[in-house]
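input-v3.cif follows; it contains mmCIF, C-alpha atoms.
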```
data_structure
loop_
_atom_site.label_atom_id
_atom_site.label_comp_id
_atom_site.auth_asym_id
_atom_site.auth_seq_id
_atom_site.Cartn_x
_atom_site.Cartn_y
_atom_site.Cartn_z
CA MET J 11 1.31 -23.39 4.87
CA TYR J 12 0.48 -20.27 6.89
CA GLU J 13 1.64 -16.67 6.66
CA LEU J 14 1.73 -14.58 9.83
CA THR J 15 2.08 -10.80 9.56
CA ARG J 16 3.08 -8.60 12.48
CA ARG J 17 2.86 -4.79 12.38
CA VAL J 18 5.29 -2.82 14.56
CA ARG J 19 4.74 0.90 15.14
CA PHE J 20 7.50 3.24 16.24
CA CYS J 21 8.71 6.85 16.20
CA VAL J 22 12.06 8.19 15.06
CA SER J 23 13.07 11.35 16.88
CA SER J 24 15.86 13.83 16.24
CA SER J 25 18.12 12.29 18.88
CA SER J 26 20.18 9.18 18.18
CA PHE J 27 18.54 5.76 18.44
CA ASP J 28 19.69 3.56 21.31
CA SER J 29 17.88 0.21 21.56
CA LYS J 30 18.90 -0.32 25.21
CA GLU J 31 17.64 3.13 26.20
CA GLU J 32 14.38 2.60 24.33
CA GLU J 33 13.84 -0.74 26.06
CA VAL J 34 13.97 1.06 29.41
CA ARG J 35 11.48 3.66 28.12
CA ARG J 36 9.10 1.04 26.72
CA PRO J 37 5.49 1.91 27.69
CA ARG J 38 3.14 -0.52 29.38
CA SER J 39 0.75 -0.39 26.43
CA ALA J 40 2.54 -0.30 23.08
CA TYR J 41 -0.54 0.10 20.85
CA ALA J 42 0.73 3.46 19.60
CA GLY J 43 4.18 1.96 19.20
CA TRP J 44 7.59 2.50 20.72
CA PRO J 45 10.06 4.12 20.69
CA THR J 46 7.67 6.97 21.41
CA MET J 47 8.15 10.50 20.17
CA LYS J 48 10.77 12.70 21.79
CA GLY J 49 10.50 16.25 20.50
CA ILE J 50 9.99 16.42 16.74
CA GLY J 51 10.26 13.27 14.67
CA THR J 52 8.45 10.89 12.34
CA PHE J 53 6.11 7.92 12.79
CA TRP J 54 6.54 4.69 10.81
CA GLU J 55 5.16 1.18 10.70
CA ILE J 56 6.93 -2.01 9.67
CA GLU J 57 5.05 -5.20 8.73
CA VAL J 58 7.01 -8.45 8.83
CA SER J 59 5.52 -11.55 7.18
CA TYR J 60 6.57 -15.05 8.17
CA ARG J 61 5.57 -18.31 6.42
CA GLY J 62 5.55 -21.90 7.61
CA ASP J 63 3.58 -24.51 9.51
CA VAL J 64 2.18 -23.99 12.99
CA ASP J 65 3.35 -25.84 16.04
CA PRO J 66 0.64 -28.47 16.67
CA GLN J 67 0.82 -27.97 20.44
CA THR J 68 0.96 -24.17 20.81
CA GLY J 69 -0.82 -23.29 17.57
CA TYR J 70 1.91 -20.71 16.95
CA LEU J 71 3.68 -20.18 13.69
CA LEU J 72 6.05 -17.85 15.54
CA ASN J 73 5.67 -15.95 18.78
CA ILE J 74 4.94 -12.35 17.76
CA SER J 75 7.08 -11.04 20.60
CA ILE J 76 10.09 -12.52 18.79
CA ILE J 77 9.16 -10.56 15.65
CA ASP J 78 8.85 -7.39 17.73
CA GLN J 79 12.28 -8.07 19.19
CA ALA J 80 13.80 -8.59 15.74
CA VAL J 81 12.36 -5.34 14.41
CA HIS J 82 13.71 -3.34 17.33
CA LYS J 83 17.11 -4.99 17.42
CA VAL J 84 17.71 -5.26 13.67
CA ALA J 85 15.35 -3.27 11.44
CA ILE J 86 14.84 0.07 13.15
CA GLY J 87 18.54 0.82 13.34
CA LEU J 88 18.95 0.22 9.60
CA LEU J 89 16.00 2.48 8.77
CA VAL J 90 17.20 5.26 11.06
CA ASP J 91 20.73 5.03 9.68
CA ALA J 92 19.43 5.38 6.11
CA MET J 93 17.22 8.35 6.98
CA ARG J 94 20.00 10.24 8.73
CA ASN J 95 22.98 9.36 6.54
CA LYS J 96 21.47 8.65 3.10
CA PRO J 97 18.08 10.41 3.03
CA GLU J 98 17.99 10.44 -0.78
CA THR J 99 18.06 6.62 -0.91
CA HIS J 100 15.01 4.87 -2.36
CA PRO J 101 13.15 3.16 0.53
CA GLY J 102 13.02 -0.07 -1.44
CA LEU J 103 16.79 -0.28 -1.52
CA VAL J 104 16.86 0.14 2.26
CA LEU J 105 14.48 -2.80 2.62
CA LEU J 106 16.83 -4.94 0.57
CA ASN J 107 19.17 -4.70 3.56
CA VAL J 108 16.42 -5.00 6.17
CA LEU J 109 14.89 -8.25 4.85
CA PRO J 110 18.13 -10.31 4.92
CA ALA J 111 18.91 -8.93 8.38
CA LEU J 112 15.50 -10.09 9.64
CA GLN J 113 16.02 -13.48 7.98
CA GLU J 114 19.35 -13.83 9.74
CA TYR J 115 17.64 -13.10 13.06
CA LEU J 116 14.36 -15.01 12.52
CA GLY J 117 15.27 -17.56 9.85
CA ASP J 118 14.62 -17.90 6.14
CA SER J 119 10.87 -18.20 6.72
CA VAL J 120 10.62 -14.40 6.75
CA SER J 121 8.67 -13.92 3.52
CA GLY J 122 8.47 -10.15 3.25
CA VAL J 123 8.74 -6.76 4.86
CA CYS J 124 6.59 -3.68 4.25
CA TRP J 125 7.56 -0.15 5.32
CA LYS J 126 4.64 2.23 5.82
CA LEU J 127 6.28 5.63 5.51
CA THR J 128 2.92 7.44 5.74
CA PRO J 129 -0.64 6.18 6.29
CA TYR J 130 -1.04 6.14 2.50
CA TYR J 131 2.43 5.41 1.07
CA TRP J 132 4.23 2.11 1.54
CA VAL J 133 7.13 0.18 0.03
CA ALA J 134 7.69 -3.57 0.33
CA VAL J 135 9.97 -6.39 -0.76
CA ARG J 136 9.18 -10.11 -0.84
CA SER J 137 11.69 -12.90 -0.34
CA HIS J 138 10.64 -14.72 -3.52
CA ALA J 139 11.25 -11.62 -5.67
CA MET J 140 14.25 -9.79 -4.27
CA ASP J 141 14.88 -8.24 -7.68
CA ARG J 142 11.72 -6.14 -7.43
CA VAL J 143 10.20 -3.55 -5.11
CA LEU J 144 6.50 -2.94 -4.46
CA ILE J 145 5.45 0.71 -4.23
CA SER J 146 1.99 1.98 -3.29
CA GLN J 147 0.38 5.38 -2.92
CA GLN J 148 -3.22 6.50 -2.40
CA PHE J 149 -5.07 9.35 -4.12
CA GLU J 150 -8.54 10.89 -4.15
CA PHE J 151 -10.98 12.24 -6.70
CA SER J 152 -14.56 13.44 -6.39
CA ALA J 153 -17.16 12.39 -8.93
CA ALA J 154 -20.89 11.83 -9.39
CA HIS J 155 -22.51 8.80 -10.97
CA ARG J 156 -25.79 7.03 -11.47
CA LEU J 157 -26.13 3.25 -11.50
CA HIS J 158 -28.56 2.47 -14.30
CA ILE J 159 -28.91 -0.13 -17.06
CA GLY J 160 -30.79 0.99 -20.14
CA GLN J 161 -32.00 -2.51 -20.98
CA LEU J 162 -33.88 -2.74 -17.67
CA SER J 163 -37.16 -1.07 -16.83
CA GLU J 164 -37.30 1.86 -14.42
CA GLU J 165 -38.75 -0.42 -11.76
CA GLU J 166 -36.07 -3.08 -12.31
CA ASN J 167 -33.36 -0.43 -12.03
CA ARG J 168 -34.81 0.90 -8.78
CA ASN J 169 -35.09 -2.61 -7.35
CA THR J 170 -31.51 -3.44 -8.33
CA PHE J 171 -29.70 -0.20 -7.43
CA GLY J 172 -31.99 1.47 -4.89
CA LYS J 173 -30.98 5.06 -4.05
CA CYS J 174 -27.96 4.71 -6.35
CA ASN J 175 -30.44 4.86 -9.25
CA ASN J 176 -31.43 8.45 -8.38
CA PRO J 177 -32.11 10.10 -11.79
CA HIS J 178 -29.94 13.08 -10.85
CA GLY J 179 -27.10 10.89 -9.59
CA HIS J 180 -25.10 11.18 -6.39
CA GLY J 181 -21.47 11.80 -5.48
CA HIS J 182 -18.52 10.10 -3.83
CA ASN J 183 -15.04 11.02 -2.71
CA TYR J 184 -13.34 8.06 -4.33
CA ARG J 185 -10.02 6.85 -2.90
CA ILE J 186 -7.67 4.99 -5.20
CA GLU J 187 -4.61 2.92 -4.31
CA ALA J 188 -2.20 1.85 -7.04
CA VAL J 189 0.38 -0.84 -6.28
CA VAL J 190 3.37 -0.98 -8.61
CA SER J 191 6.03 -3.67 -8.97
CA ALA J 192 9.33 -2.11 -10.04
CA PRO J 193 12.53 -3.91 -11.07
CA ILE J 194 15.73 -3.07 -9.25
CA PRO J 195 18.24 -1.71 -11.80
CA ASP J 196 21.38 -3.73 -12.49
CA THR J 197 23.53 -0.61 -12.61
CA ASP J 198 23.70 2.59 -10.57
CA ASP J 199 23.06 4.81 -13.59
CA LEU J 200 19.47 3.56 -13.93
CA ASP J 201 16.72 4.97 -11.74
CA LEU J 202 14.44 2.82 -9.62
CA PHE J 203 10.78 3.68 -10.17
CA CYS J 204 9.78 6.12 -7.41
CA VAL J 205 6.55 7.37 -5.90
CA SER J 206 6.82 10.75 -7.68
CA LYS J 207 6.52 8.96 -11.05
CA LEU J 208 3.44 7.13 -9.80
CA GLU J 209 1.90 10.38 -8.59
CA ARG J 210 2.46 12.05 -11.96
CA ILE J 211 0.93 9.15 -13.89
CA VAL J 212 -2.13 8.84 -11.63
CA ASP J 213 -2.69 12.60 -11.82
CA GLU J 214 -2.52 12.60 -15.62
CA GLN J 215 -4.52 9.44 -16.26
CA ILE J 216 -7.09 9.39 -13.43
CA ILE J 217 -7.39 12.62 -11.45
CA LYS J 218 -7.49 15.04 -14.37
CA ARG J 219 -9.84 12.71 -16.25
CA PHE J 220 -12.41 11.96 -13.54
CA ASP J 221 -12.15 14.55 -10.76
CA HIS J 222 -15.29 16.72 -10.41
CA THR J 223 -17.09 15.01 -13.27
CA ASN J 224 -20.32 13.12 -13.73
CA LEU J 225 -18.93 9.76 -14.77
CA ASN J 226 -22.02 8.86 -16.80
CA LEU J 227 -22.24 12.14 -18.69
CA ASP J 228 -18.73 13.59 -18.83
CA THR J 229 -16.48 10.61 -19.56
CA SER J 230 -16.16 8.34 -22.56
CA GLU J 231 -15.09 5.42 -20.34
CA PHE J 232 -18.53 5.21 -18.69
CA ALA J 233 -20.77 6.46 -21.46
CA GLN J 234 -21.91 2.87 -22.08
CA LEU J 235 -20.53 1.22 -18.94
CA ASN J 236 -22.36 1.25 -15.60
CA PRO J 237 -19.95 3.10 -13.23
CA SER J 238 -20.01 0.64 -10.34
CA VAL J 239 -17.00 0.55 -8.04
CA GLU J 240 -16.04 -2.75 -9.71
CA HIS J 241 -16.03 -1.18 -13.18
CA ILE J 242 -14.22 1.93 -11.94
CA ALA J 243 -11.42 -0.23 -10.51
CA LYS J 244 -10.98 -2.10 -13.80
CA VAL J 245 -11.11 1.06 -15.91
CA CYS J 246 -8.50 2.76 -13.70
CA TYR J 247 -6.27 -0.30 -13.98
CA GLY J 248 -6.54 -0.16 -17.77
CA LEU J 249 -5.73 3.56 -17.88
CA LEU J 250 -2.68 3.22 -15.64
CA SER J 251 -1.17 -0.02 -16.87
CA GLU J 252 0.49 1.12 -20.12
CA PRO J 253 1.90 4.45 -18.81
CA ILE J 254 3.43 2.63 -15.84
CA ASN J 255 4.93 0.02 -18.17
CA GLU J 256 6.41 2.80 -20.27
CA ALA J 257 7.94 4.29 -17.11
CA GLY J 258 9.75 1.01 -16.44
CA ALA J 259 7.51 -0.73 -13.91
CA GLN J 260 4.43 -2.94 -13.80
CA LEU J 261 1.02 -2.19 -12.31
CA ALA J 262 0.15 -4.95 -9.86
CA ARG J 263 -3.34 -3.90 -8.80
CA VAL J 264 -5.72 -1.00 -8.24
CA THR J 265 -8.13 -0.61 -5.33
CA ILE J 266 -11.01 1.86 -5.35
CA TRP J 267 -12.85 2.85 -2.17
CA GLU J 268 -16.36 4.16 -2.89
CA THR J 269 -16.88 4.70 0.84
CA GLU J 270 -14.81 3.79 3.89
CA LYS J 271 -16.80 0.54 4.05
CA SER J 272 -16.85 -0.47 0.38
CA SER J 273 -13.93 -1.09 -1.95
CA CYS J 274 -12.98 -3.19 -4.94
CA THR J 275 -9.56 -4.42 -6.08
CA TYR J 276 -8.66 -5.31 -9.67
CA PRO J 277 -7.14 -7.70 -10.50
CA ALA J 278 -7.68 -9.89 -7.46
CA THR J 279 -4.13 -11.25 -7.37
CA THR J 280 -1.75 -12.01 -4.54
CA ILE J 281 1.58 -10.15 -4.62
#
```

Mind converting the file's structure to structure tokens?
Amino acid sequence: MYELTRRVRFCVSSSSFDSKEEEVRRPRSAYAGWPTMKGIGTFWEIEVSYRGDVDPQTGYLLNISIIDQAVHKVAIGLLVDAMRNKPETHPGLVLLNVLPALQEYLGDSVSGVCWKLTPYYWVAVRSHAMDRVLISQQFEFSAAHRLHIGQLSEEENRNTFGKCNNPHGHGHNYRIEAVVSAPIPDTDDLDLFCVSKLERIVDEQIIKRFDHTNLNLDTSEFAQLNPSVEHIAKVCYGLLSEPINEAGAQLARVTIWETEKSSCTYPATTI
């Protein structure tokens, strides 16, 4: 079994969306996505996932041009309609209409759709769990730390951690992504977990606790725990899990970027 994911970039401008007109305007190179911007608008990305077995002759699971066609003919219109006519609607509820429409066009092998509303905020639904919505946002905090184990000698610490064992520590601008799985309410009088709730919880539990601190010296969580990126990811997961449960959702995973090149996700589960 394979899963193919195709990302489609496009802009939504103030004028009405016309798929035939946009096809005429399609650029030669669509790396930046199309429709392109006309005047003032917004930029989105849609990721469509498709599962199945590959064709033994072509090696294709599905021709990606067909996915592009489905997004432009089916998905974009639904997203634009929701933005213009029901802008207060939760994005996850919009995707509950988009996913079946894509399945009708491409077949039931469409396994999920993810809507990247900003470079750091996305919402997704999966075909095997249509009663839930995935919501993700990224945040940042600045902190210093020193990687050091008291049971090791100074030389052993230097050999293990190198410059990260600097006695005076060093700093990072940590980036954190929290992915939440939220149930879709059975009735209209119940609220679907939204990104503003996630932002409030992360601010209270992570940012206010760790931002502009020395993790080794200023926090109880790392007083006896080496503040590696792996440990930071697990600690953040533990701090966020219960408050998110109390708010009516479930924390799926936390990813911490120590640098642009190094990150750790906890727990390492597939959602």

Could you please determine the separation between atom CA of J:Gln113 and atom CA of J:Met11 in Å, to one decimal place?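 Between these atoms lies a distance of 18.0 Å.
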
Translate the PyMOL selection byres ((chain J and resi 179-182) around 8), as applied to the file shown, into an explicit residue set as a PyMOL selection string. chain J and resi 152-157+174-178+183-184+268-269

Closest of J:Glu55, J:Glu231, J:Glu165, J:Asp201 to J:Pro129, counting all atoms listed in the file, is J:Glu55

If I put a ball of radius 7 Å at (6.6, 5.5, -13.4) in the file's coordinates, which residues poke into it when counting all atoms listed in the file, written as a VMD selection string? chain J and resid 203 to 204 207 to 208 211 254 257 to 259

I need the residue nearest J:Gln234 from this list: J:Leu103, J:Val212, J:Ile159, J:Ala192. Use only C-alpha atoms for the distance.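 The closest residue to J:Gln234 is J:Ile159.
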
I'd like the interatomic distance between atom CA of J:Ile216 and atom CA of J:Trp267, to a tenth of an Å.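 Pair atom CA of J:Ile216 / atom CA of J:Trp267 returns 14.2 Å.
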
I'd like the residues picked by the PyMOL selection byres ((chain J and resi 63) around 12) written out as a list in words, using the chain letters and numbers from the file.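 For this structure, the PyMOL selection byres ((chain J and resi 63) around 12) captures Met11, Tyr12, Glu13, Leu14, Tyr60, Arg61, Gly62, Val64, Asp65, Pro66, Gln67, Thr68, Gly69, Tyr70, Leu71, Leu72 and Ser119 of chain J.
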
d(atom CA of J:Gly49, atom CA of J:Val104) in Å: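 Spanning atom CA of J:Gly49 to atom CA of J:Val104 is a straight-line distance of 25.2 Å.
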
Hey, what comes out of the PyMOL selection byres ((chain J and resi 22) around 6) on this file? Could you write it as a PyMOL selection string? chain J and resi 21+23+51-52
